[in-house]
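K.L.:
Contents of run.txt (compact mmCIF, C-alpha atoms) are below:
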```
# COMPACT_ATOMS: atom_id res chain seq x y z
CA MET A 239 -15.38 26.01 -11.53
CA GLU A 240 -14.03 28.59 -13.98
CA ILE A 241 -10.26 28.59 -14.38
CA THR A 242 -7.77 30.51 -16.49
CA VAL A 243 -4.56 28.71 -17.34
CA THR A 244 -1.83 30.09 -19.58
CA ILE A 245 -0.74 27.17 -21.72
CA ASN A 246 2.37 27.76 -23.83
CA GLY A 247 1.86 31.51 -23.54
CA GLN A 248 -1.82 31.48 -24.42
CA ALA A 249 -4.41 32.21 -21.71
CA ARG A 250 -7.36 29.84 -21.77
CA THR A 251 -10.50 30.27 -19.67
CA SER A 252 -12.95 27.42 -19.23
CA GLU A 253 -15.25 25.62 -16.84
CA VAL A 254 -13.86 22.42 -15.28
CA GLN A 255 -14.86 19.95 -12.59
CA PRO A 256 -12.48 20.16 -9.62
CA ARG A 257 -11.65 16.47 -9.99
CA LYS A 258 -10.33 16.90 -13.53
CA LEU A 259 -6.61 16.13 -13.59
CA LEU A 260 -4.29 18.62 -15.21
CA VAL A 261 -3.15 16.02 -17.77
CA ASP A 262 -6.72 15.40 -18.89
CA TYR A 263 -7.39 19.13 -19.06
CA ILE A 264 -4.32 19.56 -21.29
CA ARG A 265 -5.09 16.60 -23.54
CA THR A 266 -8.88 16.73 -23.76
CA ASP A 267 -9.90 20.33 -23.09
CA ALA A 268 -6.89 22.12 -24.60
CA GLU A 269 -6.45 19.36 -27.21
CA LEU A 270 -2.69 19.24 -26.77
CA THR A 271 -1.90 15.54 -26.97
CA GLY A 272 1.89 15.79 -26.77
CA THR A 273 1.61 15.29 -23.00
CA HIS A 274 1.25 11.56 -22.49
CA ILE A 275 -0.48 9.44 -19.88
CA GLY A 276 1.73 6.51 -18.96
CA CYS A 277 1.05 4.86 -15.63
CA ASP A 278 -1.51 7.33 -14.23
CA THR A 279 -0.14 6.43 -10.78
CA THR A 280 2.62 9.04 -10.22
CA SER A 281 5.34 6.54 -11.13
CA CYS A 282 6.51 7.02 -14.71
CA GLY A 283 6.73 10.77 -15.37
CA ALA A 284 5.39 10.54 -18.96
CA CYS A 285 2.85 13.28 -18.13
CA THR A 286 5.50 15.80 -16.99
CA VAL A 287 4.76 19.45 -17.77
CA LEU A 288 6.31 22.64 -16.44
CA LEU A 289 4.02 24.39 -13.95
CA ASP A 290 5.34 27.93 -13.56
CA GLY A 291 8.63 26.55 -14.89
CA VAL A 292 8.84 23.63 -12.44
CA PRO A 293 8.56 20.04 -13.74
CA VAL A 294 5.62 18.21 -12.18
CA LYS A 295 3.60 15.09 -12.95
CA SER A 296 0.38 16.44 -14.43
CA CYS A 297 -1.51 13.24 -13.51
CA THR A 298 -1.01 14.21 -9.88
CA VAL A 299 -2.17 17.84 -10.01
CA PHE A 300 -5.77 18.96 -10.42
CA ALA A 301 -6.49 21.37 -13.27
CA VAL A 302 -8.05 23.80 -10.78
CA GLN A 303 -4.66 24.02 -9.06
CA ALA A 304 -3.21 25.49 -12.27
CA ASN A 305 -5.70 28.36 -12.14
CA GLY A 306 -3.77 31.60 -12.66
CA LYS A 307 -0.56 29.73 -13.45
CA SER A 308 1.38 29.02 -16.59
CA VAL A 309 1.89 25.57 -18.04
CA THR A 310 4.48 24.62 -20.64
CA THR A 311 3.96 21.43 -22.62
CA VAL A 312 6.11 19.92 -25.35
CA GLU A 313 4.10 21.89 -27.92
CA GLY A 314 5.44 25.08 -26.32
CA LEU A 315 9.10 24.26 -26.94
CA LYS A 316 9.10 25.17 -30.63
CA GLN A 317 9.33 28.95 -31.07
CA ASN A 318 8.74 30.98 -34.25
CA GLY A 319 8.75 27.88 -36.40
CA ARG A 320 12.15 26.76 -35.08
CA LEU A 321 12.68 23.67 -32.97
CA HIS A 322 14.03 24.24 -29.47
CA PRO A 323 17.72 23.26 -29.14
CA ILE A 324 16.65 20.32 -26.98
CA GLN A 325 14.40 19.06 -29.77
CA ASP A 326 17.27 19.41 -32.25
CA ALA A 327 19.54 17.54 -29.84
CA PHE A 328 17.09 14.65 -29.35
CA LYS A 329 17.00 14.37 -33.16
CA GLU A 330 20.77 14.63 -33.58
CA TYR A 331 21.69 12.18 -30.80
CA HIS A 332 18.75 9.87 -31.46
CA GLY A 333 17.42 10.45 -27.95
CA LEU A 334 14.24 8.50 -28.56
CA GLN A 335 13.12 5.07 -29.61
CA CYS A 336 9.34 4.69 -29.29
CA GLY A 337 8.98 8.36 -28.33
CA PHE A 338 6.46 7.90 -25.54
CA CYS A 339 8.63 9.34 -22.75
CA THR A 340 10.27 11.94 -25.02
CA PRO A 341 8.07 15.02 -24.41
CA ALA A 342 8.61 14.63 -20.65
CA MET A 343 12.34 13.97 -21.02
CA MET A 344 12.72 17.14 -23.10
CA LEU A 345 10.81 19.25 -20.58
CA VAL A 346 12.79 17.89 -17.62
CA GLY A 347 15.94 18.49 -19.70
CA THR A 348 15.07 22.14 -20.39
CA ALA A 349 14.28 22.75 -16.72
CA LEU A 350 17.64 21.22 -15.75
CA LEU A 351 19.56 23.27 -18.35
CA GLU A 352 17.94 26.49 -17.07
CA LYS A 353 19.62 25.90 -13.72
CA ASN A 354 22.71 24.03 -14.87
CA PRO A 355 23.71 24.73 -18.50
CA ASP A 356 26.59 22.23 -18.45
CA PRO A 357 25.39 19.19 -16.49
CA SER A 358 27.52 16.09 -15.93
CA GLU A 359 26.18 12.66 -16.85
CA ASP A 360 25.35 12.12 -13.15
CA ASP A 361 23.49 15.45 -12.99
CA VAL A 362 21.35 14.47 -15.98
CA ARG A 363 20.69 10.95 -14.73
CA TRP A 364 19.66 12.34 -11.34
CA ALA A 365 17.37 14.92 -12.98
CA ILE A 366 15.58 12.33 -15.14
CA SER A 367 15.37 9.74 -12.37
CA GLY A 368 11.62 10.38 -12.03
CA ASN A 369 11.05 9.63 -15.73
CA ILE A 370 10.95 6.11 -17.04
CA CYS A 371 12.00 5.20 -20.59
CA ARG A 372 10.48 1.80 -21.20
CA CYS A 373 12.78 1.28 -24.20
CA THR A 374 15.63 1.80 -21.69
CA GLY A 375 17.26 4.24 -24.10
CA TYR A 376 18.80 6.35 -21.38
CA VAL A 377 22.30 6.59 -22.89
CA ASN A 378 21.14 8.68 -25.83
CA ILE A 379 18.68 10.68 -23.72
CA VAL A 380 21.58 11.74 -21.49
CA LYS A 381 23.71 12.59 -24.56
CA SER A 382 20.83 14.62 -26.03
CA ILE A 383 20.32 16.71 -22.90
CA GLN A 384 24.05 17.34 -22.54
CA GLY A 385 24.27 18.15 -26.26
CA ALA A 386 21.39 20.62 -25.96
CA GLY A 387 23.21 22.32 -23.10
CA LYS A 388 26.27 22.81 -25.28
CA ALA A 389 24.13 24.08 -28.18
CA ILE A 390 22.32 26.57 -25.91
CA GLN A 391 25.65 27.84 -24.55
CA ALA A 392 27.08 28.18 -28.07
CA LEU A 393 23.97 30.05 -29.15
CA ALA A 394 24.21 32.39 -26.16
CA SER A 395 27.92 33.14 -26.73
CA GLY A 396 27.22 33.66 -30.44
CA GLN A 397 24.57 36.25 -29.58
CA ALA A 398 26.86 37.93 -27.07
CA SER A 399 29.73 38.41 -29.51
CA MET B 100 -8.53 7.49 -13.24
CA TYR B 101 -10.80 10.05 -11.66
CA PRO B 102 -11.42 10.63 -7.97
CA SER B 103 -14.98 10.91 -6.69
CA ALA B 104 -16.40 14.38 -7.06
CA PHE B 105 -15.46 16.83 -4.33
CA GLU B 106 -15.83 20.48 -3.55
CA TYR B 107 -12.65 22.52 -4.06
CA LYS B 108 -11.76 25.54 -1.96
CA ALA B 109 -8.72 27.75 -2.44
CA PRO B 110 -8.38 30.10 0.53
CA THR B 111 -5.87 32.95 0.38
CA THR B 112 -5.22 33.39 4.11
CA LEU B 113 -4.57 30.92 6.93
CA GLU B 114 -7.55 32.28 8.90
CA GLU B 115 -9.82 31.68 5.92
CA ALA B 116 -8.44 28.14 5.53
CA LEU B 117 -8.99 27.35 9.22
CA THR B 118 -12.57 28.69 9.06
CA MET B 119 -13.27 26.49 6.04
CA LEU B 120 -11.76 23.43 7.77
CA ALA B 121 -13.85 24.13 10.88
CA GLU B 122 -17.02 24.37 8.79
CA VAL B 123 -16.46 21.14 6.86
CA GLY B 124 -15.13 19.12 9.81
CA ASP B 125 -14.64 15.43 9.10
CA GLU B 126 -15.41 15.83 5.40
CA GLY B 127 -12.47 18.12 4.77
CA ARG B 128 -8.91 17.33 3.80
CA VAL B 129 -6.02 19.73 3.36
CA LEU B 130 -4.44 19.64 -0.10
CA ALA B 131 -0.77 20.69 -0.04
CA GLY B 132 1.59 18.89 -2.42
CA GLY B 133 -1.03 16.23 -3.14
CA GLN B 134 1.58 13.65 -4.12
CA SER B 135 0.11 11.03 -1.78
CA LEU B 136 -3.44 12.35 -1.38
CA ILE B 137 -4.24 12.66 -5.11
CA PRO B 138 -3.06 9.10 -5.95
CA MET B 139 -5.13 7.80 -3.02
CA MET B 140 -8.16 9.75 -4.24
CA LYS B 141 -7.69 8.38 -7.76
CA LEU B 142 -7.72 4.85 -6.33
CA ARG B 143 -10.75 5.88 -4.20
CA LEU B 144 -8.86 4.93 -1.05
CA ALA B 145 -9.48 8.50 0.10
CA VAL B 146 -12.84 10.10 -0.63
CA PRO B 147 -12.87 13.58 0.92
CA GLY B 148 -15.98 15.68 0.36
CA VAL B 149 -14.08 18.95 0.43
CA LEU B 150 -10.48 19.76 -0.44
CA VAL B 151 -9.00 22.89 1.07
CA ASP B 152 -6.03 23.78 -1.14
CA ILE B 153 -3.45 25.62 0.97
CA ASN B 154 -1.01 26.31 -1.88
CA GLY B 155 -2.23 29.90 -2.12
CA LEU B 156 -1.54 30.71 1.53
CA PRO B 157 1.31 33.19 2.05
CA GLY B 158 4.15 32.71 4.52
CA LEU B 159 4.09 28.93 4.95
CA ASP B 160 7.23 28.15 2.95
CA PHE B 161 9.74 29.01 5.66
CA ILE B 162 12.78 26.98 6.71
CA GLU B 163 14.35 28.85 9.58
CA GLY B 164 16.08 28.55 12.92
CA ALA B 165 14.18 30.15 15.79
CA ASN B 166 14.12 29.66 19.58
CA GLY B 167 16.24 26.55 19.56
CA HIS B 168 14.30 24.92 16.75
CA LEU B 169 14.54 24.42 13.04
CA ARG B 170 11.07 25.32 11.77
CA VAL B 171 9.73 23.87 8.54
CA GLY B 172 6.48 25.41 7.24
CA ALA B 173 3.53 23.59 5.69
CA LEU B 174 4.41 24.59 2.12
CA VAL B 175 8.06 23.56 2.18
CA ARG B 176 8.59 21.04 -0.64
CA HIS B 177 10.96 18.09 -0.32
CA ASN B 178 13.28 19.73 -2.84
CA ASP B 179 13.42 22.92 -0.76
CA ILE B 180 15.01 20.77 1.95
CA VAL B 181 17.46 19.25 -0.57
CA ASN B 182 18.52 22.76 -1.59
CA SER B 183 18.48 24.33 1.88
CA GLU B 184 21.79 25.48 3.33
CA VAL B 185 20.13 25.93 6.71
CA VAL B 186 19.24 22.23 6.77
CA THR B 187 22.56 21.05 5.36
CA GLN B 188 24.36 22.91 8.15
CA ALA B 189 21.96 22.24 11.00
CA ASN B 190 20.67 18.78 10.48
CA HIS B 191 22.48 15.76 9.05
CA THR B 192 19.56 13.35 9.31
CA MET B 193 17.15 15.58 7.40
CA ALA B 194 19.78 16.47 4.81
CA ALA B 195 20.52 12.77 4.26
CA ALA B 196 16.86 11.81 3.90
CA ALA B 197 15.61 14.57 1.58
CA PRO B 198 17.28 13.45 -1.68
CA TRP B 199 15.83 9.96 -1.22
CA ILE B 200 12.19 11.03 -0.95
CA ALA B 201 10.33 9.68 -4.00
CA ASP B 202 11.78 11.14 -7.24
CA PRO B 203 12.74 14.66 -8.41
CA LEU B 204 9.31 15.47 -9.87
CA VAL B 205 7.45 14.41 -6.74
CA ARG B 206 9.99 16.29 -4.61
CA ASN B 207 9.19 19.47 -6.55
CA ARG B 208 5.60 19.30 -5.40
CA GLY B 209 5.24 17.14 -2.27
CA THR B 210 5.62 18.76 1.15
CA VAL B 211 7.40 17.68 4.33
CA CYS B 212 4.42 18.52 6.55
CA GLY B 213 2.03 16.71 4.21
CA SER B 214 4.19 13.62 4.38
CA VAL B 215 4.33 13.83 8.18
CA ALA B 216 0.54 14.18 8.39
CA HIS B 217 -0.02 11.32 5.94
CA CYS B 218 1.49 8.77 8.37
CA ASP B 219 2.33 6.21 5.73
CA PRO B 220 4.53 3.62 7.50
CA GLU B 221 6.59 3.43 4.33
CA GLY B 222 7.06 7.21 4.32
CA ASP B 223 10.50 8.53 5.22
CA TRP B 224 9.94 11.78 7.09
CA ASN B 225 8.24 10.37 10.17
CA SER B 226 11.24 8.17 10.95
CA VAL B 227 13.47 11.22 10.61
CA MET B 228 11.15 13.23 12.87
CA LEU B 229 11.02 10.41 15.45
CA ALA B 230 14.81 10.13 15.55
CA LEU B 231 15.08 13.91 15.94
CA ARG B 232 12.23 14.16 18.47
CA ALA B 233 10.38 16.75 16.43
CA GLN B 234 7.13 18.48 17.28
CA VAL B 235 4.16 19.01 15.01
CA VAL B 236 2.37 22.36 15.19
CA ALA B 237 -1.36 22.12 14.45
CA ARG B 238 -3.69 25.08 14.07
CA SER B 239 -7.46 25.36 14.14
CA THR B 240 -9.92 28.18 14.73
CA SER B 241 -9.63 27.41 18.45
CA GLY B 242 -5.87 27.90 18.57
CA GLU B 243 -2.58 26.10 18.30
CA ARG B 244 -1.38 22.73 19.60
CA VAL B 245 2.22 21.60 19.72
CA ILE B 246 2.22 17.81 19.49
CA PRO B 247 5.31 15.64 20.10
CA ILE B 248 5.87 13.42 17.07
CA ASP B 249 5.41 10.26 19.18
CA ASP B 250 1.87 11.39 20.01
CA PHE B 251 1.18 12.61 16.48
CA VAL B 252 1.88 9.32 14.69
CA VAL B 253 -0.95 7.16 15.99
CA ASP B 254 -1.35 4.27 13.59
CA PHE B 255 -1.31 3.12 9.97
CA PHE B 256 -2.24 6.30 7.99
CA THR B 257 -3.62 7.81 11.19
CA ASN B 258 -2.46 10.96 12.95
CA SER B 259 -3.82 12.64 16.06
CA LEU B 260 -5.22 15.74 14.32
CA GLN B 261 -8.77 16.67 15.26
CA PRO B 262 -11.33 17.60 12.57
CA GLY B 263 -10.73 21.24 11.65
CA GLU B 264 -7.03 21.13 12.48
CA MET B 265 -4.19 21.45 10.00
CA VAL B 266 -0.42 21.07 10.33
CA THR B 267 1.24 24.47 9.90
CA GLU B 268 4.82 23.46 10.66
CA VAL B 269 7.16 20.88 12.13
CA ARG B 270 9.75 21.94 14.68
CA ILE B 271 12.99 20.06 14.97
CA PRO B 272 15.11 20.71 18.07
CA HIS B 273 18.36 22.44 17.28
CA TYR B 274 21.14 20.44 18.89
CA SER B 275 23.98 22.42 20.33
CA GLY B 276 27.28 20.66 20.81
CA PRO B 277 28.53 17.62 18.96
CA ALA B 278 25.67 15.94 17.13
CA GLY B 279 25.32 13.91 13.98
CA GLY B 280 22.96 11.62 12.18
CA THR B 281 21.97 10.09 8.89
CA TYR B 282 19.22 8.30 7.01
CA LEU B 283 20.00 5.06 5.26
CA LYS B 284 17.41 3.81 2.80
CA LEU B 285 17.33 0.65 0.75
CA GLU B 286 15.07 0.98 -2.29
CA ARG B 287 14.70 -1.11 -5.42
CA LYS B 288 14.65 1.92 -7.68
CA ILE B 289 14.26 5.68 -7.38
CA GLY B 290 10.65 6.51 -6.65
CA ASP B 291 9.88 3.20 -4.98
CA TYR B 292 9.02 3.02 -1.31
CA ALA B 293 11.76 1.96 1.06
CA THR B 294 12.37 -1.76 1.39
CA VAL B 295 13.81 -0.72 4.76
CA ALA B 296 15.17 2.58 6.01
CA VAL B 297 16.72 3.64 9.30
CA ALA B 298 17.05 7.18 10.72
CA THR B 299 19.76 7.76 13.30
CA HIS B 300 20.77 10.70 15.45
CA LEU B 301 23.41 10.96 18.19
CA GLN B 302 24.27 13.79 20.52
CA LEU B 303 27.48 13.61 22.56
CA ASP B 304 28.28 15.26 25.89
CA SER B 305 31.51 17.07 26.70
CA ALA B 306 33.15 13.80 27.75
CA GLY B 307 32.30 12.22 24.40
CA LYS B 308 29.61 9.95 25.85
CA ILE B 309 26.20 9.60 24.23
CA ALA B 310 23.83 12.18 25.72
CA GLN B 311 20.91 11.50 23.42
CA ALA B 312 20.16 8.87 20.82
CA GLY B 313 17.45 8.67 18.19
CA ILE B 314 16.77 5.59 16.07
CA ALA B 315 13.61 5.11 14.01
CA LEU B 316 12.59 2.56 11.41
CA THR B 317 10.71 2.85 8.11
CA ALA B 318 8.61 0.19 6.37
CA VAL B 319 9.10 -2.58 8.93
CA ASN B 320 6.00 -2.11 11.12
CA SER B 321 2.45 -0.81 10.65
CA ILE B 322 3.75 2.64 11.64
CA ASN B 323 7.14 4.32 11.64
CA THR B 324 8.71 2.98 14.81
CA ARG B 325 11.09 4.35 17.40
CA ALA B 326 13.60 1.67 18.45
CA SER B 327 13.32 2.65 22.12
CA ALA B 328 15.31 -0.24 23.61
CA ALA B 329 18.17 0.45 21.22
CA GLU B 330 18.12 4.15 22.13
CA ASP B 331 18.10 3.35 25.86
CA ALA B 332 21.07 1.02 25.46
CA LEU B 333 23.12 3.88 24.01
CA VAL B 334 22.36 6.80 26.34
CA GLY B 335 25.05 7.47 28.95
CA GLU B 336 27.52 5.08 27.33
CA ALA B 337 30.80 5.70 25.55
CA PRO B 338 30.33 4.96 21.84
CA SER B 339 31.99 1.81 20.55
CA GLU B 340 31.54 -0.68 17.75
CA GLU B 341 30.41 -3.30 20.24
CA LEU B 342 27.79 -0.96 21.73
CA PHE B 343 26.49 -0.07 18.28
CA GLY B 344 26.27 -3.79 17.50
CA GLU B 345 24.10 -4.34 20.59
CA ALA B 346 21.87 -1.37 19.69
CA ALA B 347 21.56 -2.67 16.13
CA GLU B 348 20.41 -6.05 17.44
CA LEU B 349 17.78 -4.34 19.63
CA ALA B 350 16.60 -2.24 16.66
CA ALA B 351 16.20 -5.39 14.57
CA GLN B 352 14.10 -6.89 17.39
CA ALA B 353 11.87 -3.79 17.30
CA SER B 354 11.02 -4.46 13.66
CA ASP B 355 8.23 -6.74 12.56
CA PRO B 356 8.42 -6.64 8.77
CA GLU B 357 6.22 -8.55 6.34
CA ASP B 358 7.22 -10.78 3.47
CA ASN B 359 6.28 -8.91 0.32
CA VAL B 360 7.47 -8.01 -3.16
CA ARG B 361 10.33 -5.98 -1.66
CA GLY B 362 11.77 -8.97 0.16
CA PRO B 363 11.25 -11.54 2.91
CA ALA B 364 10.86 -10.48 6.54
CA GLU B 365 14.09 -12.10 7.64
CA TYR B 366 16.07 -10.16 5.05
CA LYS B 367 14.45 -6.87 6.05
CA ARG B 368 15.15 -7.47 9.74
CA ASP B 369 18.77 -8.09 8.87
CA ILE B 370 18.90 -4.84 6.89
CA VAL B 371 17.54 -3.01 9.96
CA ARG B 372 20.43 -4.46 11.97
CA VAL B 373 23.07 -3.56 9.38
CA TYR B 374 21.70 -0.07 8.65
CA THR B 375 21.37 0.76 12.34
CA ARG B 376 24.99 -0.18 12.96
CA ARG B 377 26.19 1.75 9.89
CA GLY B 378 23.91 4.69 10.64
CA LEU B 379 25.20 4.99 14.20
CA ALA B 380 28.81 4.81 12.99
CA LYS B 381 28.09 7.61 10.49
CA ALA B 382 26.27 9.66 13.15
CA LEU B 383 29.25 9.31 15.49
CA GLU B 384 31.71 10.27 12.76
CA LEU B 385 29.69 13.41 11.96
CA ALA B 386 29.21 14.29 15.65
CA GLN B 387 32.92 13.97 16.37
CA ALA B 388 33.73 16.13 13.32
CA SER B 389 31.22 18.84 14.31
```
For the file at hand, write its structure as structure tokens.
P.N.:
Amino acid sequence: MEITVTINGQARTSEVQPRKLLVDYIRTDAELTGTHIGCDTTSCGACTVLLDGVPVKSCTVFAVQANGKSVTTVEGLKQNGRLHPIQDAFKEYHGLQCGFCTPAMMLVGTALLEKNPDPSEDDVRWAISGNICRCTGYVNIVKSIQGAGKAIQALASGQAS
Amino acid sequence: MYPSAFEYKAPTTLEEALTMLAEVGDEGRVLAGGQSLIPMMKLRLAVPGVLVDINGLPGLDFIEGANGHLRVGALVRHNDIVNSEVVTQANHTMAAAAPWIADPLVRNRGTVCGSVAHCDPEGDWNSVMLALRAQVVARSTSGERVIPIDDFVVDFFTNSLQPGEMVTEVRIPHYSGPAGGTYLKLERKIGDYATVAVATHLQLDSAGKIAQAGIALTAVNSINTRASAAEDALVGEAPSEELFGEAAELAAQASDPEDNVRGPAEYKRDIVRVYTRRGLAKALELAQAS
């Protein structure tokens, strides 16, 4: 079946089998390997992408279901050669250890900050409760997401003034 | 992991979807949120020949009060319930259960009606629907059937839909007067199935006696189970701690859990007893405050 998916702002048309999972389409067909496959059983959240802005587990969506929709992966966070504030924050607060869960954590973080720019620790922990960090480095992940929120707000008020 | 090959259809109207389901009959499965169906297909536990994806159908994402019911359409996601003011105001049991369905990512995608149709005994919604005495609305090319939830949930992963039928909504009675309820779920971690969960609902009459009681149990039998004897013991009585204790004992007797990784049977039965008692106390508190 022919599908057109806009990945990180770029429309891509190709032929896929209906049974191809979105994560495999992203990694193998679109060659964007920042989206990881962890458990492949809808448990760990490592494969999280934004589907029309909403975080979903891409191992539990068929590629054909993304036809006509937009997908944001970790590769889409960086804009015009500049890291996204959430990427800066993960660097600053050391929000990663092995890095395997990091792309998903950053995408869930950006989706949370869109709705709630100043989340409490509980808000962040609730938002990332579908994403497992096997290094158990949650403390710094929470700090990174909260830090990114502050940076985004500072950036916005800087632009406004 | 890849599922077996299947044919994929993406209708854009309900009529088109129903025609497709009628044509494919037994081979067809409806794909809504896919958060249970796709994992089962990947494990080859489900091998449908044709998937009819209903995500493109308009007008199925409603949550609304109408004709004495709260109506929840086939494309309402779990998180829509979490964020719904209509539900928060109208229905304590649903509002309590929604945040404990799976995890936030699954809740963004999975649907209430899909969960109801899936009939997983470890699923949460069917206990809620049993306690609330909901109805399931099924459509096919030959018309509409309104099925009481007790007749809809048939067995382990088995509902009473006929080939060619799909669930278009669930209807939950709107309770006038003092009513309250809750859903108490014990889980090892977010995203895990319930070790045990209990849905409760109480409706009081003008004298403060129990007019209607709903108690249903998750993950302790081969299907979600109504604790009928416990409900019967409550109706017509004045609520008291002692009465709730008796009902809780009867609910525990209605459970037949298995020893497994989530705990031994004896422990689970005890949790049913404790959660029923606590759930009824919470339901009463909310009913008296309403």
K.L.:
Mind listing as a PyMOL selection string which residues of chain A are within 12 Å of chain B, counting all atoms listed in the file?
P.N.:
chain A and resi 239-240+254-262+275-307+342-343+345-346+349-350+361-370
K.L.:
Considering only C-alpha atoms, return as number ranges by chain whatever protein or nucleic-acid residues lie within 9 Å of A:Gly385, sequence-local ones (same chain, fewer than 6 positions apart) excluded.
P.N.:
A: 323-324, 327-328, 330-331
K.L.:
Kindly extract all protein, DNA and RNA residues lying within 12 Å of the coordinates (31.8, 9.5, 11.3) given in the file, considering all atoms listed in the file, and supply them as a PDB file with C-alpha atoms, in the frame of the given file.
P.N.:
```
ATOM      1  CA  HIS B 191      22.480  15.760   9.050  1.00  0.00           C
ATOM      2  CA  PRO B 277      28.530  17.620  18.960  1.00  0.00           C
ATOM      3  CA  ALA B 278      25.670  15.940  17.130  1.00  0.00           C
ATOM      4  CA  GLY B 279      25.320  13.910  13.980  1.00  0.00           C
ATOM      5  CA  GLY B 280      22.960  11.620  12.180  1.00  0.00           C
ATOM      6  CA  THR B 281      21.970  10.090   8.890  1.00  0.00           C
ATOM      7  CA  HIS B 300      20.770  10.700  15.450  1.00  0.00           C
ATOM      8  CA  LEU B 301      23.410  10.960  18.190  1.00  0.00           C
ATOM      9  CA  PRO B 338      30.330   4.960  21.840  1.00  0.00           C
ATOM     10  CA  ARG B 376      24.990  -0.180  12.960  1.00  0.00           C
ATOM     11  CA  ARG B 377      26.190   1.750   9.890  1.00  0.00           C
ATOM     12  CA  GLY B 378      23.910   4.690  10.640  1.00  0.00           C
ATOM     13  CA  LEU B 379      25.200   4.990  14.200  1.00  0.00           C
ATOM     14  CA  ALA B 380      28.810   4.810  12.990  1.00  0.00           C
ATOM     15  CA  LYS B 381      28.090   7.610  10.490  1.00  0.00           C
ATOM     16  CA  ALA B 382      26.270   9.660  13.150  1.00  0.00           C
ATOM     17  CA  LEU B 383      29.250   9.310  15.490  1.00  0.00           C
ATOM     18  CA  GLU B 384      31.710  10.270  12.760  1.00  0.00           C
ATOM     19  CA  LEU B 385      29.690  13.410  11.960  1.00  0.00           C
ATOM     20  CA  ALA B 386      29.210  14.290  15.650  1.00  0.00           C
ATOM     21  CA  GLN B 387      32.920  13.970  16.370  1.00  0.00           C
ATOM     22  CA  ALA B 388      33.730  16.130  13.320  1.00  0.00           C
ATOM     23  CA  SER B 389      31.220  18.840  14.310  1.00  0.00           C
TER      24      SER B 389
END
```
K.L.:
Hey, what's within 6 Å of stretch 218-229 of chain B if we count only C-alpha atoms and toss same-chain stuff fewer than 5 positions away? As a list of chain:residue names, please?
P.N.:
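After dropping sequence-adjacent residues, the list is B:Phe256, B:Thr257, B:Ala298, B:Ala315, B:Leu316, B:Thr317, B:Ala318, B:Ser321, B:Ile322, B:Asn323.
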K.L.:
Could you give me, as a VMD selection string, the residues within 6 Å of A:Ile245, counting only C-alpha atoms and dropping anything in the same chain fewer than 6 positions from it?
P.N.:
chain A and resid 308 to 310
K.L.:
Any idea what the distance is between atom CA of B:Leu120 and atom CA of B:Pro157?
P.N.:
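The value is 17.3 Å.
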K.L.:
In Å to one decimal, how far is atom CA of B:Asp355 from atom CA of B:Glu341?
P.N.:
23.7 Å
K.L.:
Looking at A:Thr311, A:Asn354, A:Thr340, A:Thr374, which one is nearest to A:Arg265, with distances taken over all atoms listed in the file?
P.N.:
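The shortest atom-to-atom distance to A:Arg265 comes from A:Thr311.
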K.L.:
Please, can stretch 354-364 of chain A be completed to N, CA and C atoms and returned as a compact mmCIF listing (two decimals), in the coordinates of the input?
P.N.:
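Result file follows (selection_13.txt):
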```
# COMPACT_ATOMS: atom_id res chain seq x y z
N ASN A 354 21.36 24.57 -14.73
CA ASN A 354 22.71 24.03 -14.87
C ASN A 354 22.98 23.81 -16.36
N PRO A 355 23.57 24.80 -17.04
CA PRO A 355 23.71 24.73 -18.50
C PRO A 355 24.73 23.67 -18.95
N ASP A 356 25.57 23.20 -18.04
CA ASP A 356 26.59 22.23 -18.45
C ASP A 356 26.59 21.04 -17.50
N PRO A 357 25.50 20.27 -17.48
CA PRO A 357 25.39 19.19 -16.49
C PRO A 357 26.29 18.00 -16.81
N SER A 358 26.76 17.33 -15.76
CA SER A 358 27.52 16.09 -15.93
C SER A 358 26.53 14.97 -16.22
N GLU A 359 27.07 13.81 -16.60
CA GLU A 359 26.18 12.66 -16.85
C GLU A 359 25.38 12.35 -15.58
N ASP A 360 26.05 12.39 -14.42
CA ASP A 360 25.35 12.12 -13.15
C ASP A 360 24.23 13.13 -12.91
N ASP A 361 24.51 14.41 -13.18
CA ASP A 361 23.49 15.45 -12.99
C ASP A 361 22.24 15.13 -13.83
N VAL A 362 22.48 14.74 -15.09
CA VAL A 362 21.35 14.47 -15.98
C VAL A 362 20.60 13.23 -15.51
N ARG A 363 21.35 12.19 -15.16
CA ARG A 363 20.69 10.95 -14.73
C ARG A 363 19.88 11.17 -13.46
N TRP A 364 20.39 12.02 -12.58
CA TRP A 364 19.66 12.34 -11.34
C TRP A 364 18.39 13.12 -11.69
```
